[in-house]
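Engineer: Here's a structure for you.
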Amino acid sequence: MKITKTYFFKILFSFIITILITIILFSLILYSNFEQSSAAVINKLNQEFLSETYRLNEYVERMIKISGMELFYEPSIQKIMYQPDIANFDVVQAIRRLDSIRSMNPHTHSIYVYNNEKEYIYTNSHIDSNTVDKFFDSGASALLSFDQDIKRLAPIPRYINEDGNLVPIYSFVFYQHFVQEPHYRGALIINIGLDWLHEILGNNDQSEIYFIAPDGVVMYHSEQEKFLSKVSDTPFFKTMISKNTTDGYFIEKRGGKKFLVFYTFSADSNLYLTRIYEYDILMKGIISMRRNTLFISFLFLIITTIASFILSRRLYAPIKGIVKKFDTDPSYETQNNGEISFLSSSIDQMVLTAASLQETTTSYLKALQIDILKDVILGKVGDYTQLQQQWKEYSIPLSLTLPFYVVGIKSKRESMVTLFDEVSPLIIPFDNNSYLYICQDISFEVIRAFALSFAQEEYTKMVLVSNKIFHITDITQHSLKLLESLRFSFMYEQNVVYFQHEITRSIRQGNYSAPLEKQLLASLHKGDKEEAYATYKLFFLDSANDSFNHFRFSMKRLYISIQLLVQEFQRNDLFETYRGKSINEFESFIDSLEDAKILHEYMWSICEQFYVEVVTQRLIKSQLHVSVMKNIIEKDYANQNMCIQYVCDNTELSPSYVSKLFKTHEGISINDYILEVRITKAKELLQKEEYTIKEVAALVGFSTENYFYAVFKKYTGETPAKYRRGV
C-alpha cells in the first residue's frame, strides 16, 4: 500500500514536472535560435538563387557574344559596315538580316551597324537609320568613341530615350581593332532589354533585388527607375562593404521598420547580388509557427498528464486489490487464480517490453556512434580534447591511444558489407554505396587478407586500405582521400584491392578548364569528331585530377555548353531527331557511373552526331553552290568571257574553292563543263540552216571560228560542217 499510495504518486508527479520543465526549456532554446536558424536557411537559399542567376546571366551573355560575332562577320553586314558606296539592295538585305536576328531573340531591343566612312548608323526596320549626329539614340555616339578597348564584348548598362521614355538596356559592342589605322572602321552594337533578367529573377513583390557594382552603381533593380542609380551612401551598402565577406546577411532599420538584407559577392562578374526583405513580412509565418508550437506543446502536456493519470489508476486498482486479498483471505492462492494470472501476464509483458526497449536503445546508441565517427572522418570536430569524453559517454568500441586503419569499400549490395564485421565493429555508410571501416587492435596482415577475400565478391567494385594512422587528428586526411577514390571507382579496375600509397587522389577544388571547353566546342562546330573527342578526353582527365564534386560540376557545365551548341544548330534545322539527356538525368548519370568507358562512349556518340550534322549541312550547301554554278553556265554560255573567274564573280566564291567543289560533285572540271554546254548548244544550232558555222561559233561563245572547229572536232570526232551534212 505504501508503494501504490505514496511512491507511485511521487513518480507520477515527478514525471509530470519533468515533462513540463523539458517543454519550457525546449521552447526557450527553440525560440532563442529560431530567428537565426531561419535567417541562415533563407540566406543559403538566396545564395543558391543568386549563384544560379549569375550562371544563367553568364550563359545569356555568352550566347549574345556568339551570335553577335557570327552576325558581325556576315557578308551583308560587312558591306554596310565598311563600304562607302552601298547599293540599296545590299542595305535592304542587311536590314532584313538584322530584323531576323532581332525576331529570334524577343529580348533584343535593337541592333545598330555603324559605318565610319559614311558616319552613318543602320538599324532594324522599326527604327529610322540616320547619320550619327541625327540618330535618335544620342548615347550611341559615346559607344562609338572607342576610348577604351575593354568595352568590346562587355555588357554596357545605359538608358535609351525612346519617344520621351527612358528604356534601360545592356549594350554589347563588336568591332575589329586595326593597329595600322588611327580609328575604327565600323562596329556592331546589340542592345538587350532588361526583361530577360526579369524573367530569370521573377516578379517578387516581397523583396528588392539589386545587382550593385563595388562603386555603388545599381546595374539591375527590380524597379526600373533605380537602374544606374547610386547607393554608395546608403546604410545597407556601407554595412555590406564593411563586412568584407563574399556572402552573408544582416538586419537594417529604416524609419522604424526592420529589414533583412542578404548579399553575395560574385568575383567573376565583380557584382554584389543583394535581396532585401521586410522583416515582418518574411518572418510572419515563423512568428505564427512559434505561437502554434507553444500551444501544441502545452496541449500535448495536458493530454499526456490525463493519459498518465488514467493509466496509473488502472495499475493502482488491481495492485491494491491483490494486497487487500493477501491481508484478508488466507485461501487467496486457491480461490483467486484470475487476478494472479492477470498479474503474471502483466509482468511477462513488462519483461518483453523491457527487452524490446533494450534492443531499441542499442540501435539508437549505434546510430549515435556512427554519427560521431562520421563527424570525425569529415573533419567536423572542433575540439579533439573532448573526444575522450564522447568516446566514453557513447561507449564507442575504439581507443584513442591505439593506431587505426581505415578500409573503404564500394559495394553494389549493402548486405555484403557485413563480411567485415569480424575486423571492424562499426560500418560507416556514405553516399553511392560507399562504406568506411575503422579497424583497430588488429594486424595489417589480417586486414589485408580480409580485403583480398572481400574484393573477390561478385558485388564488390573496389576495396581501399589506408596507411597506418597513429593519431585521431590524422584520420580525416586519410579518410577523405579514400572517399574521393571510392567516388572515382569508375576509373579503376573492378575486384581489386588498392592501398593508399598506390593512389594519389586529390581532394582539392580545381579550376574549370575553359580553354579546353572552348577548343572542344570549336571542334564540334566544324564537325571534327576525332579532334573533339581527343579534346574531351583531355578535359575528362584534367577534371578528374581534382575532387569528385569539381569533376561532376565540370562535366555538367561542359554538357550544358554542348546542349547550347545543339540548340544553336537546331535553329538551322539540324539535330531534328536529337534527344539528349536532361541536365538532371546527366547529373544522375555521372553519380551512378560504374565504368568510365560508358561516359566515353556517350560523349563519342555526341561527337559523331555533330560530325553527321555538319557533313550533312556542308553537303547541302555545296550542292546548292554547284547548282547555282551550273545555272550561271547554262544561262550565260554565249558570253565569250565565260570562264571559272566569271563564275566566281557571280557567286562571290574563290576560284580554288569553285574548282575543287565542282570537280568533286560533277567529276569534271568547270572549264570542261563550259565547253560541253557550248558544244551541246552548237549541235542544236547546226541543225538549223539559217545559221552559218561562223555565226554558230559566235552564238555559243567561241571567239574565233578556228577555235570552235578544234573544240567541236575534239568532243564529237568530226568537223561542224560534216556534222551538219550528216544530220
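So you can find residues: chains in the C-alpha cells are A, B, ... in the order shown, residues in each start at 1, and ligands are numbered from 1 in order.
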Give me the residues near Ile95 of chain A as number ranges by chain, where near means some atom within 12 Å (using only C-alpha atoms) and where sequence neighbours in that chain fewer than 5 positions away do not count.
Structural biologist: A: 71, 76-77, 79-81, 88-90, 100-102, 110-113, 121-129
Engineer: Those same residues - C-alpha atoms - I'd like them written as a PDB file, in the first residue's frame.
Structural biologist:
```
ATOM      1  CA  LEU A  71      26.397  38.430 -87.293  1.00  0.00           C
ATOM      2  CA  SER A  76      25.801  41.533 -95.858  1.00  0.00           C
ATOM      3  CA  ILE A  77      26.666  43.210 -92.523  1.00  0.00           C
ATOM      4  CA  LYS A  79      29.163  45.570 -96.637  1.00  0.00           C
ATOM      5  CA  ILE A  80      27.081  48.180 -94.808  1.00  0.00           C
ATOM      6  CA  MET A  81      29.740  48.435 -92.097  1.00  0.00           C
ATOM      7  CA  ASN A  88      20.007  49.833-101.942  1.00  0.00           C
ATOM      8  CA  PHE A  89      19.601  46.082-102.411  1.00  0.00           C
ATOM      9  CA  ASP A  90      22.544  45.423-100.055  1.00  0.00           C
ATOM     10  CA  SER A 100      15.681  38.250 -88.444  1.00  0.00           C
ATOM     11  CA  ILE A 101      18.210  38.217 -85.597  1.00  0.00           C
ATOM     12  CA  ARG A 102      16.018  40.531 -83.517  1.00  0.00           C
ATOM     13  CA  SER A 110      17.640  46.897 -81.332  1.00  0.00           C
ATOM     14  CA  ILE A 111      20.794  46.293 -83.396  1.00  0.00           C
ATOM     15  CA  TYR A 112      22.983  49.077 -84.847  1.00  0.00           C
ATOM     16  CA  VAL A 113      25.599  48.808 -87.614  1.00  0.00           C
ATOM     17  CA  ILE A 121      24.135  54.121 -88.404  1.00  0.00           C
ATOM     18  CA  TYR A 122      21.941  51.387 -89.915  1.00  0.00           C
ATOM     19  CA  THR A 123      19.422  49.664 -87.660  1.00  0.00           C
ATOM     20  CA  ASN A 124      16.296  47.488 -87.593  1.00  0.00           C
ATOM     21  CA  SER A 125      13.325  48.400 -89.747  1.00  0.00           C
ATOM     22  CA  HIS A 126      11.285  49.628 -86.733  1.00  0.00           C
ATOM     23  CA  ILE A 127      13.862  52.399 -86.173  1.00  0.00           C
ATOM     24  CA  ASP A 128      14.955  55.027 -88.725  1.00  0.00           C
ATOM     25  CA  SER A 129      18.577  54.682 -89.858  1.00  0.00           C
TER      26      SER A 129
END
```
Engineer: Please, which residues in segment 578-647 of chain A fall within 9 Å of segment 546-564 of chain A when counting only C-alpha atoms, and what is the closest atom pair and distance in Å to one decimal for each, ordered by chain then residue number, as a tab-separated table?
Structural biologist:
```
residue	atom	partner	partner_atom	distance
A:Gly580	CA	A:Gln563	CA	8.0
A:Ile583	CA	A:Ile560	CA	7.3
A:Phe586	CA	A:Lys556	CA	7.2
A:Glu587	CA	A:Lys556	CA	6.5
A:Ile590	CA	A:Arg552	CA	6.7
A:Asp591	CA	A:Arg552	CA	7.8
A:Ile606	CA	A:Ile562	CA	9.0
```
Engineer: Quick one: distance from atom CA of Val497 of chain A to atom CA of Val465 of chain A in Å, one decimal?
Structural biologist: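 Atom-to-atom, atom CA of Val497 of chain A to atom CA of Val465 of chain A, that is 7.6 Å.
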Engineer: At most 7 Å is the cut-off: for each residue in segment 424-511 of chain A with any atom that close to an atom of segment 359-377 of chain A, write down the nearest atom pair and the distance in Å rounded to one decimal, counting only C-alpha atoms, chain first then increasing number, as JSON lines.
Structural biologist:
```
{"residue": "A:Ile428", "atom": "CA", "partner": "A:Ile370", "partner_atom": "CA", "distance": 6.0}
{"residue": "A:Ile475", "atom": "CA", "partner": "A:Ile377", "partner_atom": "CA", "distance": 6.2}
{"residue": "A:Thr476", "atom": "CA", "partner": "A:Ile377", "partner_atom": "CA", "distance": 4.6}
{"residue": "A:Ser479", "atom": "CA", "partner": "A:Ile377", "partner_atom": "CA", "distance": 6.1}
```
Engineer: Calculated over only C-alpha atoms, which of the candidates A:Tyr170, A:Tyr715, A:Tyr263, A:Tyr723 has the smallest distance to Tyr673 of chain A?
Structural biologist: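 The answer is A:Tyr715, which sits nearest to Tyr673 of chain A.
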Engineer: Hey, what's within 8 Å of Asp247 of chain A if we count only C-alpha atoms and toss same-chain stuff fewer than 6 positions away? As a list in words, please?
Structural biologist: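 The residues satisfying every condition are Gln47, Phe262, Tyr263, Thr264 and Phe265 of chain A.
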Engineer: In segment 423-637 of chain A, what's strand (DSSP E) per DSSP? Answer as a list in words?
Structural biologist: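 Of segment 423-637 of chain A, the ones in strand (DSSP E) are Ile427, Ile428, Pro429, Phe430, Ser434, Tyr435, Leu436, Tyr437, Ile438, Cys439, Gln440, Thr460, Lys461, Met462, Val463, Leu464, Val465, Val496, Val497, Tyr498 and Phe499 of chain A.
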Engineer: Find the residues near Pro84 of chain A: any atom within 12 Å, counting only C-alpha atoms, skip ones fewer than 4 places away on the same chain, and give them as a ChimeraX atom specification.
Structural biologist: /A:78-80,114-120,185-186
Engineer: Among segment 380-569 of chain A, which ones does DSSP place in alpha helix (DSSP H), written as JSON, numbers by chain?
Structural biologist: {"A": [387, 388, 389, 390, 391, 392, 393, 444, 445, 446, 447, 448, 449, 450, 451, 452, 453, 454, 455, 475, 476, 477, 478, 479, 480, 481, 482, 483, 484, 485, 486, 487, 514, 515, 516, 517, 518, 519, 520, 521, 522, 523, 524, 525, 529, 530, 531, 532, 533, 534, 535, 536, 537, 538, 539, 540, 541, 542, 543, 548, 549, 550, 551, 552, 553, 554, 555, 556, 557, 558, 559, 560, 561, 562, 563, 564, 565, 566, 567, 568, 569]}
Engineer: Filtering to C-alpha atoms, could you give me those residues as a CSV table (one decimal), in the first residue's frame?
Structural biologist:
```csv
chain,number,residue,atom,x,y,z
A,387,LEU,CA,36.6,13.2,-27.9
A,388,GLN,CA,37.8,11.2,-24.9
A,389,GLN,CA,34.6,12.1,-23.0
A,390,GLN,CA,32.4,11.4,-26.1
A,391,TRP,CA,34.1,8.1,-26.6
A,392,LYS,CA,33.3,7.1,-23.0
A,393,GLU,CA,29.8,8.6,-23.0
A,444,PHE,CA,47.8,-5.3,-41.2
A,445,GLU,CA,48.2,-8.9,-42.5
A,446,VAL,CA,44.7,-9.8,-41.2
A,447,ILE,CA,43.2,-6.6,-42.7
A,448,ARG,CA,44.9,-7.3,-46.0
A,449,ALA,CA,43.6,-10.9,-46.1
A,450,PHE,CA,40.0,-9.8,-45.4
A,451,ALA,CA,40.3,-7.1,-48.0
A,452,LEU,CA,41.6,-9.5,-50.7
A,453,SER,CA,38.8,-12.0,-49.9
A,454,PHE,CA,36.1,-9.3,-49.9
A,455,ALA,CA,37.4,-7.9,-53.3
A,475,ILE,CA,42.1,10.2,-39.7
A,476,THR,CA,40.3,13.0,-41.6
A,477,GLN,CA,43.0,13.5,-44.2
A,478,HIS,CA,43.3,9.7,-44.9
A,479,SER,CA,39.6,9.0,-44.9
A,480,LEU,CA,38.7,11.9,-47.3
A,481,LYS,CA,41.2,10.6,-49.8
A,482,LEU,CA,39.7,7.1,-49.6
A,483,LEU,CA,36.1,8.5,-50.1
A,484,GLU,CA,37.2,10.5,-53.1
A,485,SER,CA,38.8,7.4,-54.6
A,486,LEU,CA,35.6,5.4,-54.0
A,487,ARG,CA,33.6,8.1,-55.8
A,514,ALA,CA,37.6,26.9,-70.0
A,515,PRO,CA,40.2,26.8,-72.8
A,516,LEU,CA,39.6,23.0,-73.4
A,517,GLU,CA,35.9,23.6,-73.4
A,518,LYS,CA,36.3,26.4,-76.0
A,519,GLN,CA,38.5,24.1,-78.1
A,520,LEU,CA,36.0,21.2,-77.8
A,521,LEU,CA,33.0,23.4,-78.9
A,522,ALA,CA,35.0,24.7,-81.8
A,523,SER,CA,35.8,21.2,-83.0
A,524,LEU,CA,32.2,20.2,-82.7
A,525,HIS,CA,31.1,23.2,-84.6
A,529,LYS,CA,34.8,14.3,-84.3
A,530,GLU,CA,38.3,13.0,-83.8
A,531,GLU,CA,39.7,16.3,-82.6
A,532,ALA,CA,36.6,16.9,-80.5
A,533,TYR,CA,36.8,13.5,-78.8
A,534,ALA,CA,40.5,13.9,-78.1
A,535,THR,CA,39.9,17.3,-76.5
A,536,TYR,CA,37.1,15.8,-74.4
A,537,LYS,CA,39.5,13.1,-73.1
A,538,LEU,CA,42.0,15.8,-72.1
A,539,PHE,CA,39.1,17.7,-70.4
A,540,PHE,CA,38.0,14.5,-68.6
A,541,LEU,CA,41.5,13.7,-67.3
A,542,ASP,CA,42.0,17.4,-66.2
A,543,SER,CA,38.7,17.5,-64.3
A,548,PHE,CA,34.6,14.4,-57.4
A,549,ASN,CA,32.4,17.5,-56.7
A,550,HIS,CA,34.7,19.5,-59.1
A,551,PHE,CA,34.6,16.7,-61.6
A,552,ARG,CA,30.8,16.4,-61.5
A,553,PHE,CA,30.4,20.2,-61.8
A,554,SER,CA,32.9,20.4,-64.7
A,555,MET,CA,31.2,17.6,-66.7
A,556,LYS,CA,27.8,19.1,-66.0
A,557,ARG,CA,28.9,22.6,-67.2
A,558,LEU,CA,30.5,21.1,-70.3
A,559,TYR,CA,27.3,19.2,-71.1
A,560,ILE,CA,25.3,22.4,-70.7
A,561,SER,CA,27.6,24.2,-73.2
A,562,ILE,CA,27.2,21.3,-75.7
A,563,GLN,CA,23.4,21.4,-75.4
A,564,LEU,CA,23.5,25.2,-76.0
A,565,LEU,CA,25.5,24.4,-79.2
A,566,VAL,CA,22.9,21.8,-80.2
A,567,GLN,CA,20.2,24.4,-79.8
A,568,GLU,CA,22.2,26.8,-82.0
A,569,PHE,CA,22.4,24.1,-84.7
```
